[in-house]
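Peer 1: Questions regarding the structure given below will be posed in turn.
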Amino acid sequence: MRQKIVAGNWKMNKTLEEANILASEITGMVADEVKGDAKVIFCVPFPYLLPIKNQLGNNGRIAIGAQNCSEHEAGAYTGEVSAPMLKSMGIPYVILGHSERRQYFGEDGKLLAKKIDVALKHGLIPIYCCGEPLEVRESNGHEALVKKQVEESLFHLSADVIKTIVIAYEPVWAIGTGKTASAQQAQDMHAVIRKHIAAKYGQSVADAVAILYGGSVNAANAKELFACPDVDGGLVGGASLKSREFTEVIKGA
Ligand code: 13P
């Protein structure tokens, strides 16, 4: 059985004070109310990594992650943050390849393969995002595109390494739109991704990979989505910014 994971992607939101309040409210609610053993991850803006990590202390339920890192290890890259920096701060997870990075910052599969490598080299666990835009879904190209996104950034890895990656399927048309993929649409694509990994690496490797769904996950739809056999939890944007809503999402896992 794969452990369920519910990761909140705070994106570029909240002041430091608001971030501290949000983290402390969710931490309290999770401790008091959440019965299951889903792993919770707060993927917070870079400046909040240490304060929120320090606030969490040795909380065994909730881990912390970054939202991006550079493909370079060090050097003259003003404004960038490297994987070794994250590692040195004790940050275990990093989101890579979010559709907003692909769309607004021109990140492509080749660049993301480099980011995956540098993150893994420094012991970080990548949460690798993939997903199709609306026009690709409408022209029925979604499965081919998502398979290509997985291949081009992950299929150079060894079986032992790809097992440790977290994949997040986030259809672009469902992100921040309130239009969630149906549980069937999510399950279908997750099964396609898992089958694609199995075809290259074998079923036991594919069975070990956590595949999260992202795109307008909320308290009302989380349970149904997370109950799908190939959906191992969620990567949650808007709903992760509200403590009560996010706690209810976690309860759905
Ligand atoms: P929303 O949950 O706001 O749709 O965002 C999803 C997302 O992009 C998580 O990475």
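Here, A, B, ... name the chains of the structure tokens in the order displayed, residue numbers run from 1 inside each chain, and ligands are numbered from 1 in the same displayed order.
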Write out as a ChimeraX atom specification all residues of region 80-126 of chain A that DSSP puts in strand (DSSP E) for this structure's backbone.

Peer 2: /A:93-96,125-126

Peer 1: With 8 Å as the cut-off and only C-alpha atoms counted, what is the closest atom pair between each nearby residue of region 15-49 of chain A and region 59-75 of chain A? Distances in Å to one decimal, ordered by chain and number, as JSON lines.

Peer 2:
{"residue": "A:Thr27", "atom": "CA", "partner": "A:Ile62", "partner_atom": "CA", "distance": 7.7}
{"residue": "A:Asp37", "atom": "CA", "partner": "A:Arg61", "partner_atom": "CA", "distance": 7.7}
{"residue": "A:Ala38", "atom": "CA", "partner": "A:Arg61", "partner_atom": "CA", "distance": 7.7}
{"residue": "A:Lys39", "atom": "CA", "partner": "A:Arg61", "partner_atom": "CA", "distance": 5.7}
{"residue": "A:Val40", "atom": "CA", "partner": "A:Ile62", "partner_atom": "CA", "distance": 4.7}
{"residue": "A:Ile41", "atom": "CA", "partner": "A:Ala63", "partner_atom": "CA", "distance": 4.7}
{"residue": "A:Phe42", "atom": "CA", "partner": "A:Ile64", "partner_atom": "CA", "distance": 4.9}
{"residue": "A:Cys43", "atom": "CA", "partner": "A:Gly65", "partner_atom": "CA", "distance": 4.3}
{"residue": "A:Val44", "atom": "CA", "partner": "A:Ala66", "partner_atom": "CA", "distance": 5.8}
{"residue": "A:Pro45", "atom": "CA", "partner": "A:Ala66", "partner_atom": "CA", "distance": 6.6}
{"residue": "A:Phe46", "atom": "CA", "partner": "A:Ala66", "partner_atom": "CA", "distance": 6.4}
{"residue": "A:Leu49", "atom": "CA", "partner": "A:Ala66", "partner_atom": "CA", "distance": 7.2}

Peer 1: Store the residues picked out above, limited to N, CA and C atoms, as an mmCIF file, in the first residue's frame.

Peer 2:
data_model
loop_
_atom_site.group_PDB
_atom_site.id
_atom_site.type_symbol
_atom_site.label_atom_id
_atom_site.label_comp_id
_atom_site.auth_asym_id
_atom_site.auth_seq_id
_atom_site.Cartn_x
_atom_site.Cartn_y
_atom_site.Cartn_z
ATOM 1 N N THR A 27 -1.504 22.806 11.668
ATOM 2 C CA THR A 27 -0.798 21.855 12.533
ATOM 3 C C THR A 27 -1.678 21.439 13.713
ATOM 4 N N ASP A 37 -3.184 8.243 8.306
ATOM 5 C CA ASP A 37 -1.735 8.455 8.413
ATOM 6 C C ASP A 37 -1.169 9.139 7.169
ATOM 7 N N ALA A 38 -2.023 9.910 6.464
ATOM 8 C CA ALA A 38 -1.537 10.612 5.267
ATOM 9 C C ALA A 38 -0.395 11.548 5.633
ATOM 10 N N LYS A 39 0.598 11.602 4.757
ATOM 11 C CA LYS A 39 1.701 12.547 4.963
ATOM 12 C C LYS A 39 1.257 13.903 4.442
ATOM 13 N N VAL A 40 1.522 14.934 5.199
ATOM 14 C CA VAL A 40 1.160 16.293 4.796
ATOM 15 C C VAL A 40 2.446 17.055 4.492
ATOM 16 N N ILE A 41 2.429 17.816 3.404
ATOM 17 C CA ILE A 41 3.612 18.613 3.047
ATOM 18 C C ILE A 41 3.159 20.049 2.803
ATOM 19 N N PHE A 42 3.856 21.013 3.413
ATOM 20 C CA PHE A 42 3.623 22.421 3.097
ATOM 21 C C PHE A 42 4.705 22.853 2.112
ATOM 22 N N CYS A 43 4.310 23.168 0.883
ATOM 23 C CA CYS A 43 5.278 23.691 -0.088
ATOM 24 C C CYS A 43 5.152 25.207 -0.099
ATOM 25 N N VAL A 44 6.093 25.846 0.556
ATOM 26 C CA VAL A 44 5.954 27.266 0.885
ATOM 27 C C VAL A 44 6.951 28.094 0.073
ATOM 28 N N PRO A 45 6.724 29.422 -0.026
ATOM 29 C CA PRO A 45 7.694 30.284 -0.713
ATOM 30 C C PRO A 45 9.083 30.203 -0.040
ATOM 31 N N PHE A 46 10.130 30.382 -0.822
ATOM 32 C CA PHE A 46 11.507 30.242 -0.296
ATOM 33 C C PHE A 46 11.742 30.972 1.034
ATOM 34 N N LEU A 49 10.643 29.061 4.191
ATOM 35 C CA LEU A 49 11.021 27.668 4.440
ATOM 36 C C LEU A 49 11.539 27.475 5.865
#

Peer 1: Grab the CA of Ala119 (chain A) to CA of Gly234 (chain A) distance for me, in Å with one decimal place.

Peer 2: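 So the answer is 21.2 Å.
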
Peer 1: When the cut-off is 9 Å and you count only C-alpha atoms and all ligand atoms, which residues lie near ligand 1, shown as JSON, numbers by chain?

Peer 2: {"A": [7, 8, 9, 10, 11, 67, 95, 98, 99, 100, 129, 168, 170, 171, 172, 173, 174, 175, 176, 177, 178, 179, 180, 213, 214, 215, 216, 217, 218, 234, 235, 236, 237, 238, 239, 240]}

Peer 1: A:Lys200, A:His190, A:Lys121, A:Lys195: which is nearest Leu212 (chain A), counting only C-alpha atoms?

Peer 2: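 Of all the options, A:His190 lies closest to Leu212 (chain A).
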